[in-house]
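Novice: Next comes structure22.txt, compact mmCIF, C-alpha atoms:
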```
# COMPACT_ATOMS: atom_id res chain seq x y z
CA MET A 1 146.06 -1.23 59.60
CA VAL A 2 147.88 -3.80 57.49
CA ASP A 3 149.87 -3.17 54.31
CA VAL A 4 150.80 -6.77 53.57
CA THR A 5 149.25 -10.09 54.56
CA VAL A 6 151.39 -13.18 54.10
CA MET A 7 149.48 -16.44 54.00
CA GLY A 8 151.85 -19.10 55.31
CA ALA A 9 154.46 -19.13 58.09
CA GLY A 10 157.13 -21.26 56.46
CA ALA A 11 160.56 -20.24 55.17
CA PHE A 12 159.32 -18.28 52.16
CA GLY A 13 156.38 -16.64 53.90
CA LEU A 14 158.39 -15.47 56.89
CA SER A 15 161.28 -14.24 54.73
CA VAL A 16 158.90 -12.16 52.61
CA ALA A 17 157.28 -10.78 55.75
CA TRP A 18 160.70 -9.89 57.15
CA ALA A 19 161.82 -8.06 54.03
CA CYS A 20 158.58 -6.07 54.03
CA VAL A 21 158.77 -5.22 57.74
CA THR A 22 162.36 -4.00 57.50
CA ARG A 23 161.21 -1.56 54.81
CA GLY A 24 158.57 -0.11 57.08
CA ALA A 25 155.48 -2.04 55.97
CA ARG A 26 152.82 -3.12 58.44
CA VAL A 27 152.63 -6.89 58.09
CA GLN A 28 150.58 -9.79 59.34
CA VAL A 29 151.30 -13.47 58.76
CA ILE A 30 148.38 -15.90 58.84
CA ASP A 31 148.85 -19.64 59.15
CA PRO A 32 146.16 -21.84 60.73
CA ASN A 33 148.75 -24.49 61.57
CA GLY A 34 151.34 -22.20 63.12
CA VAL A 35 154.98 -21.42 62.39
CA ALA A 36 156.95 -24.05 60.43
CA ALA A 37 154.05 -26.49 60.41
CA GLY A 38 154.88 -27.92 56.98
CA ALA A 39 158.10 -28.74 55.16
CA SER A 40 159.84 -25.77 56.83
CA GLY A 41 159.61 -27.63 60.14
CA GLY A 42 162.05 -30.30 58.96
CA VAL A 43 165.36 -31.38 60.44
CA VAL A 44 167.93 -31.58 57.61
CA GLY A 45 168.73 -27.96 56.76
CA ALA A 46 171.38 -28.49 54.09
CA LEU A 47 172.07 -25.14 52.39
CA ALA A 48 173.99 -26.68 49.53
CA PRO A 49 174.85 -24.81 46.33
CA HIS A 50 174.37 -25.98 42.80
CA THR A 51 177.55 -27.13 41.08
CA PRO A 52 179.72 -24.30 39.66
CA GLU A 53 179.18 -25.15 35.99
CA ASN A 54 176.57 -24.58 33.27
CA TRP A 55 175.72 -21.31 35.04
CA ASN A 56 172.16 -20.08 34.75
CA VAL A 57 169.74 -17.69 36.42
CA LYS A 58 168.65 -20.19 39.06
CA LYS A 59 172.23 -20.98 40.09
CA ALA A 60 173.18 -17.30 40.18
CA PHE A 61 170.13 -16.43 42.30
CA GLN A 62 170.92 -19.20 44.75
CA PHE A 63 174.58 -18.15 44.94
CA ASP A 64 173.57 -14.57 45.77
CA SER A 65 171.19 -15.81 48.45
CA LEU A 66 173.72 -18.17 50.04
CA SER A 67 176.23 -15.31 50.06
CA MET A 68 173.71 -13.17 51.97
CA ALA A 69 172.88 -15.85 54.52
CA LYS A 70 175.54 -15.33 57.20
CA ALA A 71 174.71 -11.67 57.78
CA TYR A 72 170.99 -12.31 57.27
CA TRP A 73 170.64 -14.96 59.97
CA ALA A 74 173.04 -13.19 62.33
CA GLU A 75 170.80 -10.10 62.28
CA ILE A 76 167.63 -12.11 62.76
CA ASP A 77 169.07 -14.13 65.64
CA SER A 78 170.36 -10.96 67.29
CA ILE A 79 166.91 -9.35 67.17
CA SER A 80 164.98 -12.47 68.18
CA GLY A 81 167.34 -13.69 70.87
CA LYS A 82 166.95 -17.18 69.42
CA SER A 83 169.30 -19.36 67.38
CA SER A 84 168.55 -20.32 63.79
CA GLY A 85 171.32 -22.91 63.91
CA TYR A 86 173.01 -21.29 60.92
CA GLY A 87 176.65 -22.11 60.29
CA CYS A 88 178.76 -21.88 57.14
CA THR A 89 180.59 -25.13 57.86
CA GLY A 90 181.25 -26.32 54.30
CA ARG A 91 180.80 -29.77 52.82
CA LEU A 92 182.83 -32.86 51.93
CA GLN A 93 181.92 -35.24 49.10
CA PRO A 94 183.73 -38.42 48.01
CA ILE A 95 185.34 -38.72 44.57
CA ALA A 96 184.65 -42.18 43.22
CA ASP A 97 186.92 -42.58 40.20
CA GLU A 98 188.97 -40.87 37.49
CA ARG A 99 185.91 -39.55 35.66
CA ALA A 100 184.57 -38.01 38.89
CA MET A 101 188.00 -36.56 39.59
CA ASN A 102 188.15 -34.86 36.19
CA LEU A 103 184.69 -33.42 36.75
CA ALA A 104 185.55 -32.19 40.24
CA GLN A 105 188.69 -30.46 38.98
CA ALA A 106 186.77 -28.79 36.15
CA ARG A 107 184.22 -27.54 38.67
CA ALA A 108 187.02 -26.18 40.85
CA ILE A 109 188.07 -23.99 37.92
CA GLY A 110 184.43 -22.98 37.41
CA ALA A 111 184.12 -21.96 41.06
CA GLN A 112 187.11 -19.66 40.76
CA ASN A 113 185.23 -17.68 38.12
CA LEU A 114 181.62 -18.07 39.19
CA TRP A 115 181.83 -17.84 42.97
CA GLN A 116 183.56 -14.44 42.85
CA GLY A 117 186.19 -15.29 45.44
CA LYS A 118 183.52 -15.66 48.13
CA ALA A 119 183.92 -19.44 48.45
CA ASN A 120 186.04 -22.31 47.19
CA TRP A 121 185.44 -25.68 45.56
CA LYS A 122 188.59 -27.78 45.64
CA VAL A 123 189.89 -31.33 45.56
CA VAL A 124 191.65 -32.47 48.77
CA LYS A 125 193.30 -35.67 49.97
CA ALA A 126 191.16 -37.58 52.43
CA GLU A 127 194.21 -38.17 54.61
CA ASP A 128 194.53 -34.41 55.06
CA VAL A 129 191.02 -34.14 56.49
CA GLY A 130 190.09 -35.08 60.06
CA ASP A 131 188.27 -38.21 61.10
CA TRP A 132 184.86 -36.75 60.15
CA LYS A 133 184.59 -37.60 56.45
CA PRO A 134 182.84 -40.02 54.11
CA ARG A 135 184.57 -43.07 52.72
CA THR A 136 186.09 -42.34 49.33
CA PRO A 137 187.30 -45.00 46.86
CA SER A 138 189.82 -42.65 45.24
CA GLY A 139 191.31 -41.31 48.45
CA TYR A 140 190.18 -37.80 47.47
CA LEU A 141 187.28 -35.55 48.45
CA ILE A 142 185.58 -32.43 47.18
CA HIS A 143 185.61 -29.65 49.78
CA ASP A 144 183.43 -26.61 49.19
CA THR A 145 183.17 -23.68 51.57
CA LEU A 146 179.89 -22.24 50.29
CA THR A 147 177.68 -24.96 51.77
CA ALA A 148 176.07 -24.05 55.08
CA ARG A 149 173.64 -25.59 57.51
CA ILE A 150 170.59 -24.34 59.34
CA HIS A 151 168.09 -25.89 61.74
CA PRO A 152 164.84 -25.40 59.79
CA ARG A 153 162.35 -25.23 62.66
CA GLN A 154 164.65 -23.14 64.85
CA ALA A 155 165.29 -20.77 61.95
CA CYS A 156 161.56 -20.24 61.41
CA GLU A 157 161.03 -19.67 65.13
CA SER A 158 163.87 -17.15 65.22
CA LEU A 159 162.48 -15.34 62.20
CA ALA A 160 158.96 -15.35 63.65
CA GLU A 161 160.18 -13.87 66.94
CA ALA A 162 162.19 -11.21 65.08
CA LEU A 163 159.04 -10.29 63.16
CA ARG A 164 157.05 -9.96 66.39
CA THR A 165 159.81 -7.79 67.85
CA LYS A 166 159.45 -5.50 64.82
CA GLY A 167 155.69 -5.26 65.35
CA ALA A 168 154.41 -7.84 62.86
CA MET A 169 151.48 -10.05 63.82
CA ILE A 170 151.60 -13.82 63.39
CA ILE A 171 148.12 -15.24 63.81
CA SER A 172 146.18 -18.41 63.03
CA ASP A 173 143.11 -16.74 61.54
CA GLY A 174 141.98 -13.37 60.30
CA ASP A 175 141.08 -11.27 57.29
CA ALA A 176 143.63 -11.01 54.51
CA LEU A 177 144.16 -7.25 54.20
CA GLY A 178 146.34 -5.11 51.97
CA GLN A 179 148.62 -6.80 49.47
CA ILE A 180 148.33 -10.57 49.82
CA VAL A 181 151.19 -13.04 49.42
CA TRP A 182 150.39 -16.73 49.05
CA ALA A 183 153.21 -18.78 50.58
CA THR A 184 151.10 -21.81 51.34
CA GLY A 185 153.40 -24.68 50.43
CA TRP A 186 152.51 -27.77 48.47
CA ARG A 187 148.80 -27.59 49.24
CA GLY A 188 148.80 -24.05 47.86
CA LEU A 189 150.29 -25.32 44.60
CA VAL A 190 147.62 -28.00 44.39
CA ASP A 191 144.89 -25.44 45.08
CA LEU A 192 146.30 -23.06 42.46
CA SER A 193 146.41 -25.89 39.93
CA SER A 194 142.73 -26.52 40.59
CA GLN A 195 141.85 -22.82 40.26
CA ILE A 196 143.68 -22.45 36.96
CA GLY A 197 142.61 -25.81 35.59
CA LYS A 198 146.07 -27.19 34.83
CA PRO A 199 148.85 -28.69 36.95
CA ILE A 200 151.46 -26.10 37.90
CA GLY A 201 152.96 -27.78 40.92
CA ASN A 202 152.61 -30.49 43.53
CA GLY A 203 154.22 -31.93 46.60
CA VAL A 204 157.13 -34.32 47.00
CA LYS A 205 157.36 -36.09 50.33
CA GLY A 206 160.66 -36.32 52.16
CA GLN A 207 161.65 -38.31 55.22
CA ALA A 208 164.62 -37.70 57.50
CA ILE A 209 166.21 -38.97 60.71
CA LEU A 210 167.86 -37.03 63.51
CA LEU A 211 170.68 -38.70 65.44
CA GLU A 212 172.26 -37.80 68.78
CA LEU A 213 175.85 -37.08 67.81
CA ASN A 214 177.80 -33.99 68.79
CA LYS A 215 179.69 -32.65 65.74
CA PRO A 216 178.59 -28.99 65.89
CA ASP A 217 181.39 -27.26 63.98
CA LEU A 218 182.23 -29.95 61.45
CA PRO A 219 181.30 -29.88 57.75
CA GLN A 220 178.28 -31.60 56.36
CA LEU A 221 178.84 -34.65 54.22
CA PHE A 222 177.14 -35.68 50.99
CA ALA A 223 177.60 -39.27 49.85
CA ASP A 224 175.48 -41.63 47.73
CA THR A 225 172.76 -38.94 47.38
CA VAL A 226 172.45 -38.65 51.19
CA HIS A 227 172.88 -35.45 53.23
CA ILE A 228 174.60 -35.84 56.61
CA VAL A 229 174.30 -32.55 58.46
CA PRO A 230 175.80 -31.82 61.90
CA HIS A 231 173.75 -29.26 63.81
CA SER A 232 174.81 -26.87 66.54
CA ASP A 233 172.60 -28.57 69.15
CA GLY A 234 174.50 -31.87 69.27
CA THR A 235 172.49 -33.69 66.62
CA VAL A 236 173.21 -34.91 63.11
CA ALA A 237 170.45 -34.98 60.50
CA ILE A 238 170.25 -37.64 57.78
CA GLY A 239 168.07 -37.14 54.73
CA SER A 240 166.19 -37.53 52.69
CA THR A 241 163.76 -39.54 50.62
CA SER A 242 162.02 -38.09 47.57
CA GLU A 243 158.53 -39.54 47.12
CA ARG A 244 156.15 -38.40 44.38
CA ASP A 245 153.40 -40.80 45.48
CA PHE A 246 152.33 -40.97 49.09
CA GLU A 247 149.21 -41.42 51.20
CA ASP A 248 150.22 -40.01 54.58
CA PRO A 249 152.27 -36.78 54.37
CA THR A 250 153.76 -37.13 57.85
CA SER A 251 154.38 -40.86 58.30
CA THR A 252 157.83 -42.48 58.25
CA ASP A 253 158.62 -45.98 57.04
CA GLU A 254 161.38 -48.28 55.82
CA GLN A 255 162.36 -45.85 53.07
CA ILE A 256 164.16 -43.61 55.56
CA ASP A 257 165.81 -46.68 57.07
CA GLN A 258 167.35 -47.30 53.66
CA VAL A 259 168.66 -43.73 53.58
CA LEU A 260 170.17 -44.20 57.04
CA ALA A 261 171.83 -47.42 55.88
CA LYS A 262 173.48 -45.50 53.00
CA ALA A 263 174.70 -42.88 55.46
CA ILE A 264 176.20 -45.53 57.77
CA ALA A 265 177.93 -47.20 54.82
CA ALA A 266 179.57 -43.86 54.03
CA VAL A 267 180.28 -42.89 57.66
CA PRO A 268 180.38 -45.98 59.93
CA GLU A 269 180.54 -43.81 63.06
CA LEU A 270 176.84 -43.03 62.59
CA GLU A 271 175.79 -46.60 63.39
CA ALA A 272 176.28 -46.19 67.13
CA ALA A 273 174.42 -42.86 67.35
CA PRO A 274 170.96 -43.06 68.98
CA ILE A 275 167.97 -41.96 66.91
CA VAL A 276 166.39 -38.83 68.39
CA ALA A 277 163.53 -38.38 65.94
CA ARG A 278 162.08 -39.39 62.61
CA TRP A 279 160.45 -36.71 60.47
CA ALA A 280 158.38 -36.57 57.30
CA GLY A 281 156.86 -33.69 55.38
CA VAL A 282 155.90 -32.61 51.90
CA ARG A 283 157.99 -30.08 49.99
CA PRO A 284 156.37 -27.79 47.39
CA ARG A 285 157.68 -28.36 43.86
CA ALA A 286 156.60 -26.06 41.02
CA LYS A 287 156.23 -27.49 37.53
CA SER A 288 159.17 -25.38 36.38
CA ARG A 289 161.30 -26.86 39.23
CA ALA A 290 162.34 -23.30 40.11
CA PRO A 291 160.82 -21.25 42.93
CA MET A 292 157.49 -19.71 41.95
CA LEU A 293 157.65 -15.99 42.67
CA GLY A 294 155.65 -13.04 41.45
CA GLN A 295 152.26 -11.64 40.61
CA HIS A 296 149.31 -14.00 41.01
CA PRO A 297 148.29 -15.05 37.48
CA GLU A 298 144.61 -14.24 38.03
CA ARG A 299 144.31 -11.73 40.88
CA GLU A 300 145.44 -8.12 41.24
CA SER A 301 147.25 -7.11 44.43
CA GLU A 302 148.01 -10.76 45.15
CA PHE A 303 151.35 -12.52 44.84
CA ILE A 304 152.86 -15.99 45.09
CA ALA A 305 156.04 -17.08 46.90
CA ASN A 306 156.14 -20.85 46.75
CA GLY A 307 157.97 -23.85 45.33
CA GLY A 308 161.07 -23.84 47.52
CA PHE A 309 161.28 -27.64 47.20
CA LYS A 310 164.73 -28.74 48.44
CA ILE A 311 166.41 -25.32 48.36
CA GLY A 312 163.86 -23.13 50.12
CA PHE A 313 166.00 -22.05 53.09
CA GLY A 314 168.99 -21.39 50.86
CA MET A 315 166.86 -19.21 48.59
CA ALA A 316 164.88 -17.48 51.37
CA PRO A 317 167.02 -14.37 52.01
CA LYS A 318 166.96 -13.25 48.38
CA VAL A 319 163.37 -14.41 47.83
CA GLY A 320 162.29 -12.00 50.54
CA GLU A 321 164.17 -9.13 48.93
CA VAL A 322 162.87 -9.56 45.38
CA MET A 323 159.31 -10.09 46.60
CA ALA A 324 159.46 -6.93 48.75
CA ASP A 325 160.77 -5.04 45.70
CA LEU A 326 157.70 -6.14 43.75
CA ILE A 327 155.07 -5.83 46.47
CA LEU A 328 156.10 -2.50 47.99
CA GLU A 329 157.82 -0.70 45.12
CA GLY A 330 156.43 -2.31 41.97
CA LYS A 331 160.02 -3.12 41.04
CA ASP A 332 160.22 -6.46 39.24
CA THR A 333 163.66 -8.06 39.60
CA ILE A 334 162.39 -11.64 39.57
CA PRO A 335 163.90 -13.91 36.90
CA ASP A 336 161.41 -14.86 34.20
CA ASP A 337 162.02 -18.56 34.90
CA PHE A 338 160.72 -18.04 38.45
CA LYS A 339 157.47 -16.30 37.60
CA PRO A 340 154.18 -18.21 37.91
CA GLU A 341 153.61 -18.10 34.17
CA ALA A 342 156.74 -20.24 33.71
CA SER A 343 154.74 -23.14 35.14
CA LEU A 344 151.57 -22.50 33.15
```
Just give me the structure as structure tokens.
Specialist:
Amino acid sequence: MVDVTVMGAGAFGLSVAWACVTRGARVQVIDPNGVAAGASGGVVGALAPHTPENWNVKKAFQFDSLSMAKAYWAEIDSISGKSSGYGCTGRLQPIADERAMNLAQARAIGAQNLWQGKANWKVVKAEDVGDWKPRTPSGYLIHDTLTARIHPRQACESLAEALRTKGAMIISDGDALGQIVWATGWRGLVDLSSQIGKPIGNGVKGQAILLELNKPDLPQLFADTVHIVPHSDGTVAIGSTSERDFEDPTSTDEQIDQVLAKAIAAVPELEAAPIVARWAGVRPRAKSRAPMLGQHPERESEFIANGGFKIGFGMAPKVGEVMADLILEGKDTIPDDFKPEASL
């Protein structure tokens, strides 16, 4: 007997399955390619908040989810016996000039109001920070304490094992029974566009590099649009590209070398670090640019949880909760901007 079938074993699919299982539902997850086979099997794992200004529903939703993350992943890791690689290590960003300084200081005031005392965004002197920091022309940095990191593949494996421990099935093939949730990534958005007859989402390819460099408890850095993320396993991830047009979803090329060069320019220490792996995958991006959550636009008893794009892991804890509210209780707490019709 199955109450809920989740199609897709990535960050959104597994988080929805988890929220349903913890409420007593009988759940199966079906993915022919296995756990974290798509974009959720990446290496970067930057759980970075939106800036604390021009507050809107999307930013508030993400803030709530990031605030849930520490307890969420601690529980999952405890049940699974595996590590998700989660750590709320914060982030440092360079301040380039006077204009950037004024903006950073205004955002610090915004964070005091909008982040509810749960985290800080402040301007600090670079000389007061340790050796692990990006170059900064002004001598100042932004330090926020809301940013966290996670190891995407490890997190999915931990979540999958926790689901199995709770009695959920994760299988490669089978009948979709009960309520059905489509969490099928970028290909699912393309398929849905074809079914509806209009584009509602697509895929954006990203490439990343993993370096051997042991900085496990240090903050992540963000400089010149590049994420530099120390992981708990002695690696540092560098990413990523953003490619609308691509032929091979999983190939890497000189574009990621250019990203690495930017990272080295910001943090020269990275140049000597050996490359462990290169990764490429395609992230699902809804037309609305927000996550796509809610009732399937054309099918009863079917739902969509897709469009995580670059913020899927940061959104996942709360995505699971609001989807379980809808699927199991008929309680719709999903923001209108996130619903599938917002992309129609």
Novice: Using only C-alpha atoms, pick whichever of A:Val276, A:Asp257, A:Gly239, A:His151 has the shortest atom-to-atom distance to Leu213 (chain A).
Specialist: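 Under the stated criterion, the closest residue is A:Val276.
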Novice: Hey, which bits of region 297-344 of chain A sit within 12 Å of region 279-291 of chain A, and for each residue what's the closest pair of atoms and how far apart in Å (one decimal), counting only C-alpha atoms, rows by chain and increasing number, as a Markdown table?
Specialist:
```
| residue | atom | partner | partner_atom | distance |
| --- | --- | --- | --- | --- |
| A:Ile304 | CA | A:Pro291 | CA | 9.8 |
| A:Ala305 | CA | A:Pro291 | CA | 7.5 |
| A:Asn306 | CA | A:Pro291 | CA | 6.1 |
| A:Gly307 | CA | A:Pro291 | CA | 4.5 |
| A:Gly308 | CA | A:Pro291 | CA | 5.3 |
| A:Phe309 | CA | A:Pro284 | CA | 4.9 |
| A:Lys310 | CA | A:Arg283 | CA | 7.0 |
| A:Ile311 | CA | A:Pro291 | CA | 8.8 |
| A:Gly312 | CA | A:Pro291 | CA | 8.0 |
| A:Phe313 | CA | A:Pro291 | CA | 11.4 |
| A:Gly314 | CA | A:Pro291 | CA | 11.4 |
| A:Met315 | CA | A:Pro291 | CA | 8.5 |
| A:Ala316 | CA | A:Pro291 | CA | 10.1 |
| A:Lys318 | CA | A:Pro291 | CA | 11.5 |
| A:Val319 | CA | A:Pro291 | CA | 8.8 |
| A:Met323 | CA | A:Pro291 | CA | 11.8 |
| A:Ile334 | CA | A:Pro291 | CA | 10.3 |
| A:Pro335 | CA | A:Pro291 | CA | 10.0 |
| A:Asp336 | CA | A:Ala290 | CA | 10.3 |
| A:Asp337 | CA | A:Ala290 | CA | 7.1 |
| A:Phe338 | CA | A:Pro291 | CA | 5.5 |
| A:Lys339 | CA | A:Pro291 | CA | 8.0 |
| A:Pro340 | CA | A:Ala286 | CA | 8.8 |
| A:Glu341 | CA | A:Ser288 | CA | 9.4 |
| A:Ala342 | CA | A:Ser288 | CA | 6.3 |
| A:Ser343 | CA | A:Ser288 | CA | 5.1 |
| A:Leu344 | CA | A:Lys287 | CA | 8.1 |
```
Novice: Compare A:Ala324, A:Val259, A:Met7, A:Leu189 by their minimum atom-to-atom distance to Asp173 (chain A), counting all atoms listed in the file, and give me the closest one.
Specialist: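 Ranked by minimum distance to Asp173 (chain A), first place goes to A:Met7.
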Novice: Report as a list in words all protein, DNA and RNA residues lying within 9 Å of Glu321 (chain A), evaluated on all atoms listed in the file, omitting residues in the same chain fewer than 3 positions from it.
Specialist: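 Those residues are Ser15, Val16, Trp18, Ala19, Cys20, Ala316, Pro317, Lys318, Ala324, Asp325 and Leu326 of chain A.
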Novice: Looking at all atoms listed in the file, which of A:Ala162, A:Cys156, A:Lys122, A:Ala183 is the one that sits closest to His143 (chain A)?
Specialist: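 Nearest candidate to His143 (chain A) out of A:Ala162, A:Cys156, A:Lys122, A:Ala183: A:Lys122.
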Novice: A:Val267, A:Pro94, A:Ser138, A:Glu157: which is nearest Ala36 (chain A), counting all atoms listed in the file?
Specialist: A:Glu157
Novice: For Gln258 (chain A), list every protein, DNA or RNA residue within 12 Å, evaluated using all atoms listed in the file, and leave out those in the same chain fewer than 2 positions away; present the list as number ranges by chain.
Specialist: A: 207-209, 224-226, 238-241, 252-256, 260-265
Novice: Could you tell me which of A:Pro230, A:Gly8, A:Gly81, A:Pro52 comes closest to Ser158 (chain A) if we count all atoms listed in the file?
Specialist: A:Gly81
Novice: Would you please work out which residue, of A:Gln62, A:Thr136, A:Thr89, A:Thr145, is nearest to Asp217 (chain A) when using all atoms listed in the file?
Specialist: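 Once distances to Asp217 (chain A) are computed over all atoms listed in the file, the minimum belongs to A:Thr89.
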Novice: What's the separation between CA of Ala155 (chain A) and CA of Ala223 (chain A), in Å to one decimal place?
Specialist: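 Calculated distance between CA of Ala155 (chain A) and CA of Ala223 (chain A) is 25.3 Å.
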